[in-house]
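Inspection log for the structure reproduced underneath, given as structure tokens.
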Amino acid sequence: MNFAGLTDHRILEELGLRIARQRLNANVKQAELAYEAGVSRKTLSNLENGHSVQLESLIRILRALNQLDQLGLLLPSPEISPIALAELKGKQRQRASAPAVLEAEKQQKDGEDTWHWPA
């Protein structure tokens with residue numbers, strides 16, 4: 001399924017349907033899964049019906065369904081390119097850099113005019 005074209009609400013509905021299918025395939029009642037996950041039955045019901053729940057509740061429910069390893073598919077660990085690693089000299093990035101256009105605008109605001117009329 002291509003999630004890029006879906007609204008947030010539609011994505012929540014699809015996630016809820018998938019959680020419900022996993023629960024039903026395991027032949028587990030909502031109350032039993034909620035108890036095992038340490039969440040209320042209402043929270044589980046909300047999730048299965050496409051409503052927003054706390055991320056911690058989703059993690060607990062996935063753990064109780066033995067599906068926690070699926071989070072790796074949700075957001076794979078980003079790989080760093082060998083060139084970028086060499087530029088960082090083995091250090092990990094801590095911040096994103098501003099695009100060059102924003103840097104030029106900042107310099108102009110600070111009074112540093114980078115362009116001059118030719119003489």
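Letters A, B, ... go to the chains of the structure tokens in the order shown; residues in each chain start at 1; ligands are counted from 1 in the same order.
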
As a PyMOL selection string, please: the residues near region 60-77 of chain A (cut-off 10 Å, only C-alpha atoms, same-chain neighbours under 6 positions excluded).
chain A and resi 19+22-23+26+28+32-39+43-44+47

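Here CA of Gly50 (chain A) is placed at a distance of 9.8 Å from CA of Asp8 (chain A).
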
Have a look at A:His51, A:Ile59, A:Glu14, A:Ser45 and name the one nearest to Lys29 (chain A); count only C-alpha atoms.
A:Ser45

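Interatomic distance, CA of Leu55 (chain A) to CA of Leu17 (chain A): 16.7 Å.
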